[in-house]
file final.txt (compact mmCIF, C-alpha atoms)
# COMPACT_ATOMS: atom_id res chain seq x y z
CA MET A 1 88.24 92.24 66.87
CA ILE A 2 85.82 89.91 65.07
CA VAL A 3 84.49 86.96 67.10
CA LEU A 4 83.07 83.97 65.23
CA ASN A 5 81.42 80.95 66.84
CA HIS A 6 81.86 78.25 64.22
CA PRO A 7 82.78 74.94 65.88
CA GLN A 8 86.50 74.29 65.57
CA GLY A 9 87.22 71.92 62.70
CA SER A 10 83.87 72.58 61.00
CA GLU A 11 83.57 73.55 57.34
CA ASP A 12 82.59 77.13 58.27
CA TRP A 13 85.57 77.38 60.64
CA LEU A 14 87.97 76.13 57.97
CA ARG A 15 86.64 78.58 55.39
CA ALA A 16 86.77 81.51 57.82
CA ARG A 17 90.51 80.81 58.18
CA LEU A 18 91.27 80.87 54.43
CA GLY A 19 94.36 82.97 53.83
CA VAL A 20 94.47 83.99 57.50
CA CYS A 21 97.75 83.82 59.43
CA THR A 22 96.64 81.95 62.56
CA ALA A 23 98.18 81.89 66.02
CA SER A 24 98.96 78.18 65.88
CA ARG A 25 101.38 78.99 63.02
CA PHE A 26 102.84 82.24 64.41
CA THR A 27 106.10 80.47 65.26
CA ASP A 28 106.42 79.38 61.63
CA ALA A 29 105.53 82.85 60.38
CA ARG A 30 108.27 84.56 62.39
CA ALA A 31 110.97 81.94 61.76
CA LYS A 32 114.22 83.58 60.61
CA LEU A 33 117.67 82.40 59.59
CA SER A 34 120.05 82.66 62.53
CA LYS A 35 123.09 83.10 60.31
CA ALA A 36 123.97 83.69 56.68
CA SER A 37 123.89 80.64 54.44
CA LYS A 38 123.26 79.69 50.84
CA ASN A 39 119.55 80.23 51.60
CA GLY A 40 119.94 83.88 52.61
CA ASN A 41 121.28 86.30 55.15
CA ALA A 42 120.80 86.26 58.90
CA GLY A 43 117.35 87.63 59.70
CA ASP A 44 115.82 86.58 56.36
CA PRO A 45 112.71 84.36 56.47
CA ALA A 46 113.55 80.75 57.21
CA ALA A 47 112.16 77.78 55.29
CA ASP A 48 109.09 77.40 57.55
CA ALA A 49 108.11 81.05 57.01
CA ILE A 50 108.62 80.85 53.25
CA LYS A 51 106.57 77.67 52.98
CA TYR A 52 103.75 79.08 55.10
CA ALA A 53 103.68 82.37 53.15
CA TRP A 54 103.27 80.54 49.84
CA MET A 55 100.55 78.32 51.32
CA LEU A 56 98.54 81.35 52.48
CA ALA A 57 98.94 83.02 49.08
CA VAL A 58 97.76 79.95 47.15
CA GLU A 59 94.97 79.30 49.67
CA THR A 60 93.71 82.88 49.25
CA ILE A 61 93.45 82.45 45.49
CA ALA A 62 92.11 78.88 45.56
CA GLY A 63 89.41 79.59 48.12
CA GLU A 64 90.02 76.14 49.58
CA PRO A 65 91.69 75.18 52.90
CA LEU A 66 95.20 73.86 52.26
CA ASP A 67 96.71 73.79 55.76
CA GLU A 68 97.53 70.15 56.48
CA THR A 69 98.48 70.64 60.15
CA PHE A 70 94.94 69.77 61.32
CA THR A 71 94.65 66.38 59.61
CA THR A 72 96.78 64.22 61.88
CA TYR A 73 95.30 61.69 64.28
CA ALA A 74 96.91 63.49 67.22
CA MET A 75 95.19 66.75 66.27
CA ARG A 76 91.81 65.04 65.90
CA ARG A 77 92.28 63.29 69.24
CA GLY A 78 93.18 66.60 70.86
CA ARG A 79 89.98 68.23 69.62
CA GLU A 80 87.93 65.28 70.91
CA LEU A 81 89.44 65.67 74.40
CA GLU A 82 89.03 69.47 74.61
CA PRO A 83 85.45 69.48 75.99
CA GLN A 84 86.48 67.00 78.68
CA ALA A 85 89.58 69.06 79.53
CA ARG A 86 87.47 72.23 79.80
CA ALA A 87 84.99 70.53 82.11
CA VAL A 88 87.73 69.16 84.39
CA TYR A 89 89.39 72.60 84.51
CA GLU A 90 86.13 74.32 85.46
CA ALA A 91 85.36 71.72 88.13
CA ARG A 92 88.76 71.96 89.81
CA THR A 93 89.31 75.71 89.59
CA GLY A 94 85.73 76.96 89.99
CA ALA A 95 86.21 79.11 86.89
CA TRP A 96 83.50 79.91 84.40
CA VAL A 97 84.58 79.49 80.77
CA GLU A 98 82.77 80.92 77.77
CA GLU A 99 83.27 78.82 74.67
CA VAL A 100 84.34 80.81 71.64
CA SER A 101 85.82 79.88 68.30
CA LEU A 102 87.76 81.90 65.76
CA ILE A 103 88.74 85.47 66.63
CA LEU A 104 90.05 87.70 63.83
CA THR A 105 91.76 91.06 63.79
CA ASP A 106 89.64 93.83 62.30
CA ASP A 107 91.34 93.42 58.91
CA SER A 108 90.83 89.61 59.02
CA ARG A 109 94.51 89.01 58.24
CA PHE A 110 95.36 87.35 61.59
CA GLY A 111 93.32 84.92 63.66
CA TYR A 112 93.27 82.99 66.91
CA SER A 113 91.14 79.93 67.63
CA ALA A 114 90.47 80.39 71.33
CA ASP A 115 89.59 77.43 73.53
CA GLY A 116 87.62 79.73 75.80
CA PHE A 117 87.32 83.08 77.59
CA ARG A 118 87.77 82.91 81.36
CA ASP A 119 85.95 85.53 83.41
CA HIS A 120 86.32 89.07 82.00
CA ASP A 121 90.01 89.28 81.09
CA GLY A 122 91.40 85.76 80.70
CA LEU A 123 91.85 83.08 78.06
CA ILE A 124 92.37 79.34 78.22
CA GLU A 125 94.57 77.40 75.81
CA ILE A 126 94.05 73.62 75.93
CA LYS A 127 96.68 71.10 74.86
CA CYS A 128 96.12 67.35 74.90
CA PRO A 129 99.46 65.91 73.77
CA MET A 130 99.78 62.22 73.03
CA ALA A 131 103.58 62.18 72.95
CA CYS A 132 104.84 60.75 76.22
CA ASP A 133 108.04 62.81 76.13
CA LYS A 134 105.98 66.02 75.96
CA LEU A 135 103.88 64.93 78.91
CA GLY A 136 107.02 64.09 80.84
CA ALA A 137 108.57 67.47 80.02
CA VAL A 138 105.51 69.30 81.37
CA TRP A 139 105.69 67.66 84.77
CA SER A 140 109.49 67.49 85.04
CA SER A 141 110.01 71.15 83.99
CA PRO A 142 106.77 73.03 84.75
CA GLU A 143 108.55 76.40 84.70
CA THR A 144 109.23 76.02 80.96
CA ALA A 145 106.14 74.04 79.96
CA HIS A 146 104.60 77.06 78.21
CA LEU A 147 107.55 77.97 75.99
CA GLU A 148 106.60 75.62 73.17
CA TYR A 149 103.30 77.49 72.84
CA ILE A 150 104.40 81.01 73.76
CA ASP A 151 103.91 82.57 70.30
CA GLN A 152 100.39 81.14 70.11
CA ILE A 153 99.58 82.34 73.62
CA ASN A 154 101.01 85.83 73.07
CA GLY A 155 99.18 85.93 69.76
CA GLY A 156 95.89 85.15 71.49
CA LEU A 157 96.50 87.85 74.07
CA TRP A 158 97.41 90.32 71.30
CA ILE A 159 94.32 89.63 69.19
CA THR A 160 91.84 89.48 72.07
CA GLY A 161 93.36 92.20 74.25
CA ARG A 162 93.02 89.98 77.32
CA LYS A 163 95.38 90.10 80.31
CA TYR A 164 96.32 86.48 80.92
CA CYS A 165 96.06 82.97 79.52
CA ASP A 166 95.78 79.72 81.45
CA LEU A 167 97.68 76.99 79.61
CA ILE A 168 95.88 73.71 80.27
CA VAL A 169 97.65 70.42 79.55
CA TYR A 170 95.22 67.54 79.87
CA CYS A 171 95.92 63.80 79.70
CA PRO A 172 93.46 61.31 81.21
CA TRP A 173 96.17 58.62 81.01
CA LEU A 174 97.84 60.21 84.06
CA ALA A 175 94.73 60.30 86.23
CA PRO A 176 95.94 57.33 88.35
CA VAL A 177 98.78 59.53 89.72
CA GLY A 178 96.76 62.76 89.89
CA LYS A 179 98.56 64.37 86.96
CA ASP A 180 95.81 64.42 84.36
CA LEU A 181 95.48 68.24 84.57
CA PHE A 182 98.29 70.82 84.47
CA VAL A 183 97.55 74.55 84.60
CA LYS A 184 100.02 77.41 84.18
CA ARG A 185 99.04 81.08 84.00
CA ILE A 186 100.92 83.31 81.53
CA HIS A 187 100.42 87.03 82.02
CA ARG A 188 100.38 89.57 79.22
CA ASP A 189 103.89 90.75 78.24
CA GLU A 190 103.65 93.94 76.19
CA ALA A 191 107.28 93.83 74.99
CA ALA A 192 106.93 90.26 73.75
CA ILE A 193 103.62 91.06 72.07
CA GLU A 194 105.09 94.13 70.36
CA ALA A 195 107.99 92.04 68.99
CA LEU A 196 105.54 89.38 67.81
CA GLU A 197 103.34 91.93 66.05
CA SER A 198 106.34 93.47 64.28
CA ASP A 199 107.47 90.09 62.97
CA LEU A 200 103.97 89.20 61.81
CA VAL A 201 103.57 92.46 59.88
CA THR A 202 106.86 91.70 58.12
CA PHE A 203 105.60 88.20 57.33
CA LEU A 204 102.40 89.65 55.90
CA ARG A 205 104.45 91.64 53.40
CA LEU A 206 105.95 88.35 52.22
CA VAL A 207 102.48 86.87 51.74
CA ASP A 208 101.37 89.95 49.79
CA ALA A 209 104.49 89.81 47.61
CA ASN A 210 103.67 86.18 46.80
CA LEU A 211 100.09 87.14 45.94
CA ALA A 212 101.39 89.82 43.58
CA VAL A 213 103.57 87.24 41.81
CA LEU A 214 100.67 84.82 41.40
CA ARG A 215 98.20 87.46 40.24
CA ALA A 216 100.48 89.20 37.73
CA PRO A 217 99.35 88.51 34.13
CA THR A 218 101.98 86.30 32.55
CA LYS A 219 102.47 83.85 29.76
CA MET A 220 102.67 80.14 30.44
CA THR A 221 106.46 80.49 30.65
CA GLY A 222 106.13 82.98 33.48
CA ARG A 223 107.28 85.92 31.31
CA PRO A 224 105.02 89.02 31.46
CA LYS A 225 102.51 89.09 28.60
CA ASP A 226 103.70 92.45 27.26
CA GLU A 227 107.34 91.36 27.15
CA GLU A 228 108.72 90.15 23.84
CA ALA A 229 110.69 86.96 23.77
CA PRO A 230 114.42 87.74 23.72
CA THR A 231 116.11 87.51 20.31
CA PRO A 232 119.23 85.35 20.10
CA ALA A 233 122.35 87.44 20.64
CA ALA A 234 124.65 87.82 17.63
CA ALA A 235 127.91 85.94 17.94
CA PRO A 236 130.93 88.21 18.53
CA PRO A 237 133.25 88.75 15.55
CA TRP A 238 135.92 86.45 16.93
CA GLU A 239 133.38 83.62 17.13
CA ALA A 240 131.95 84.18 13.66
CA THR A 241 131.76 81.01 11.63
CA ALA A 242 133.90 80.77 8.49
CA ALA A 243 132.19 81.10 5.14
CA PRO A 244 131.35 77.69 3.73
CA THR A 245 133.83 76.32 1.21
CA PRO A 246 132.17 76.02 -2.21
CA ALA A 247 131.74 72.48 -3.35
CA ALA A 248 134.22 71.29 -6.01
CA SER A 249 132.78 71.19 -9.51
CA PRO A 250 132.42 67.62 -10.78
CA ALA A 251 134.87 66.51 -13.46
CA PRO A 252 133.35 66.64 -16.94
CA THR A 253 132.35 63.30 -18.31
CA VAL A 254 133.78 62.11 -21.66
CA ALA A 255 131.68 60.07 -23.99
CA PRO A 256 133.22 56.72 -25.06
CA GLY A 257 135.50 57.11 -28.13
CA ALA A 258 135.68 60.93 -27.82
CA ILE A 259 138.98 62.73 -27.67
CA PRO A 260 139.25 64.67 -24.44
CA ALA A 261 139.83 68.38 -24.71
CA PRO A 262 143.40 69.41 -24.08
CA ALA A 263 144.15 70.95 -20.70
CA PHE A 264 145.89 74.37 -20.76
call {"tool": "encode", "arguments": {"input": "final.txt", "output": "structure tokens"}}
result
Amino acid sequence: MIVLNHPQGSEDWLRARLGVCTASRFTDARAKLSKASKNGNAGDPAADAIKYAWMLAVETIAGEPLDETFTTYAMRRGRELEPQARAVYEARTGAWVEEVSLILTDDSRFGYSADGFRDHDGLIEIKCPMACDKLGAVWSSPETAHLEYIDQINGGLWITGRKYCDLIVYCPWLAPVGKDLFVKRIHRDEAAIEALESDLVTFLRLVDANLAVLRAPTKMTGRPKDEEAPTPAAAPPWEATAAPTPAASPAPTVAPGAIPAPAF
């Protein structure tokens, strides 16, 4: 495990994530077709996985961050509220939270941007949604509030080796009714983490296959450089074109007053 402390959203943080499959996109990475279609067979990578795999491959080669999921106003607003959410959580639970940033696997192929370590074996994952329907769903169905983020949470537990994660949903708009802070503890589930890891390793093969395609030496047409251009196939005998008909010889001209030669 590699722990970095670059502030989330900073230039160093963005560059440390280049080509890294991150926990916030684990759901995309493991997306599969549920049934056979014109796009593939059941169990093949779905469109979200294919798109994300190509993005990571191009990002790796470009050396520039290309993930656009962190540019929305809602995402920026969420990052702005995170320190406040952490402080409210600490004050109401009495917990001590260590701020951390990006955590990578030893091979730096997978990463998790943690919102904090709690005590010796816990994590916190902070969400500050602006969508009113999401806020309503949290309080109307608290038993399922974590499911939208379960791959990210399990991914964080997998990468860090910690035993539990407190999902924190914070919205100061709901302070007048005492619902500005929601906390749900999700304990480590080894079976779920094992299934997640298996899917992510399969996804990584897709990224590597894309990298191989992009790095292979080819001509501008995409054909390998050592491959000759195909010669046109000869037409089959039954499609052979007929020999051209010779042009008719022009009639001889006769000078005025001359007697034409007799025709035999």
call {"tool": "residues_around", "arguments": {"input": "final.txt", "residues": "Phe117 (chain A)", "least_positions_apart": "2", "cutoff": "6 Å", "atoms": "only C-alpha atoms", "output": "PyMOL selection string"}}
result
chain A and resi 97-98+122-123
call {"tool": "residues_around", "arguments": {"input": "final.txt", "residues": "Leu102 (chain A)", "least_positions_apart": "2", "cutoff": "6 Å", "atoms": "all atoms listed in the file", "output": "JSON, numbers by chain"}}
result
{"A": [4, 112, 113]}
call {"tool": "residues_around", "arguments": {"input": "final.txt", "residues": "region 160-165 of chain A", "least_positions_apart": "6", "cutoff": "8 Å", "atoms": "all atoms listed in the file", "output": "list in words"}}
result
Met1, Ile103, Asp121, Gly122, Leu123, Ile124, Glu125, Ile153, Arg185, Ile186, His187 and Arg188 of chain A
call {"tool": "write_last_selection", "arguments": {"input": "final.txt", "atoms": "C-alpha atoms", "output": "PDB file, keeping the file's coordinate frame"}}
result
ATOM      1  CA  MET A   1      88.240  92.240  66.870  1.00  0.00           C
ATOM      2  CA  ILE A 103      88.740  85.470  66.630  1.00  0.00           C
ATOM      3  CA  ASP A 121      90.010  89.280  81.090  1.00  0.00           C
ATOM      4  CA  GLY A 122      91.400  85.760  80.700  1.00  0.00           C
ATOM      5  CA  LEU A 123      91.850  83.080  78.060  1.00  0.00           C
ATOM      6  CA  ILE A 124      92.370  79.340  78.220  1.00  0.00           C
ATOM      7  CA  GLU A 125      94.570  77.400  75.810  1.00  0.00           C
ATOM      8  CA  ILE A 153      99.580  82.340  73.620  1.00  0.00           C
ATOM      9  CA  ARG A 185      99.040  81.080  84.000  1.00  0.00           C
ATOM     10  CA  ILE A 186     100.920  83.310  81.530  1.00  0.00           C
ATOM     11  CA  HIS A 187     100.420  87.030  82.020  1.00  0.00           C
ATOM     12  CA  ARG A 188     100.380  89.570  79.220  1.00  0.00           C
TER      13      ARG A 188
END
call {"tool": "residues_around", "arguments": {"input": "final.txt", "residues": "region 9-25 of chain A", "least_positions_apart": "6", "cutoff": "9 Å", "atoms": "only C-alpha atoms", "output": "ChimeraX atom specification"}}
result
/A:52-53,55-61,63-66,70,76,79,101-102,104,108-113,149,151-156,200,204
call {"tool": "atom_distance", "arguments": {"input": "final.txt", "atom1": "CA of His6 (chain A)", "atom2": "CA of Tyr170 (chain A)"}}
result
23.2 Å
call {"tool": "atom_distance", "arguments": {"input": "final.txt", "atom1": "CA of Thr93 (chain A)", "atom2": "CA of Ala192 (chain A)"}}
result
27.8 Å
call {"tool": "closest_residue", "arguments": {"input": "final.txt", "among": "A:Val201, A:Ala145, A:Ala175, A:Ala209", "to": "Val88 (chain A)", "atoms": "only C-alpha atoms"}}
result
A:Ala175
call {"tool": "closest_residue", "arguments": {"input": "final.txt", "among": "A:Phe203, A:Phe26, A:Trp54, A:Tyr89", "to": "Leu167 (chain A)", "atoms": "all atoms listed in the file"}}
result
A:Tyr89
call {"tool": "closest_residue", "arguments": {"input": "final.txt", "among": "A:Asp166, A:Trp158, A:Phe182, A:Ser37", "to": "Ala137 (chain A)", "atoms": "only C-alpha atoms"}}
result
A:Phe182
call {"tool": "atom_distance", "arguments": {"input": "final.txt", "atom1": "CA of Ile168 (chain A)", "atom2": "CA of Ile193 (chain A)"}}
result
20.7 Å
call {"tool": "closest_residue", "arguments": {"input": "final.txt", "among": "A:Asp28, A:Glu194, A:Glu80, A:Asp44", "to": "Ile126 (chain A)", "atoms": "only C-alpha atoms"}}
result
A:Glu80
call {"tool": "closest_residue", "arguments": {"input": "final.txt", "among": "A:Pro176, A:Val183, A:Gly94, A:Gly116", "to": "Val138 (chain A)", "atoms": "all atoms listed in the file"}}
result
A:Val183
call {"tool": "closest_residue", "arguments": {"input": "final.txt", "among": "A:Met220, A:Lys127, A:Ile159, A:Leu214", "to": "Lys184 (chain A)", "atoms": "all atoms listed in the file"}}
result
A:Lys127
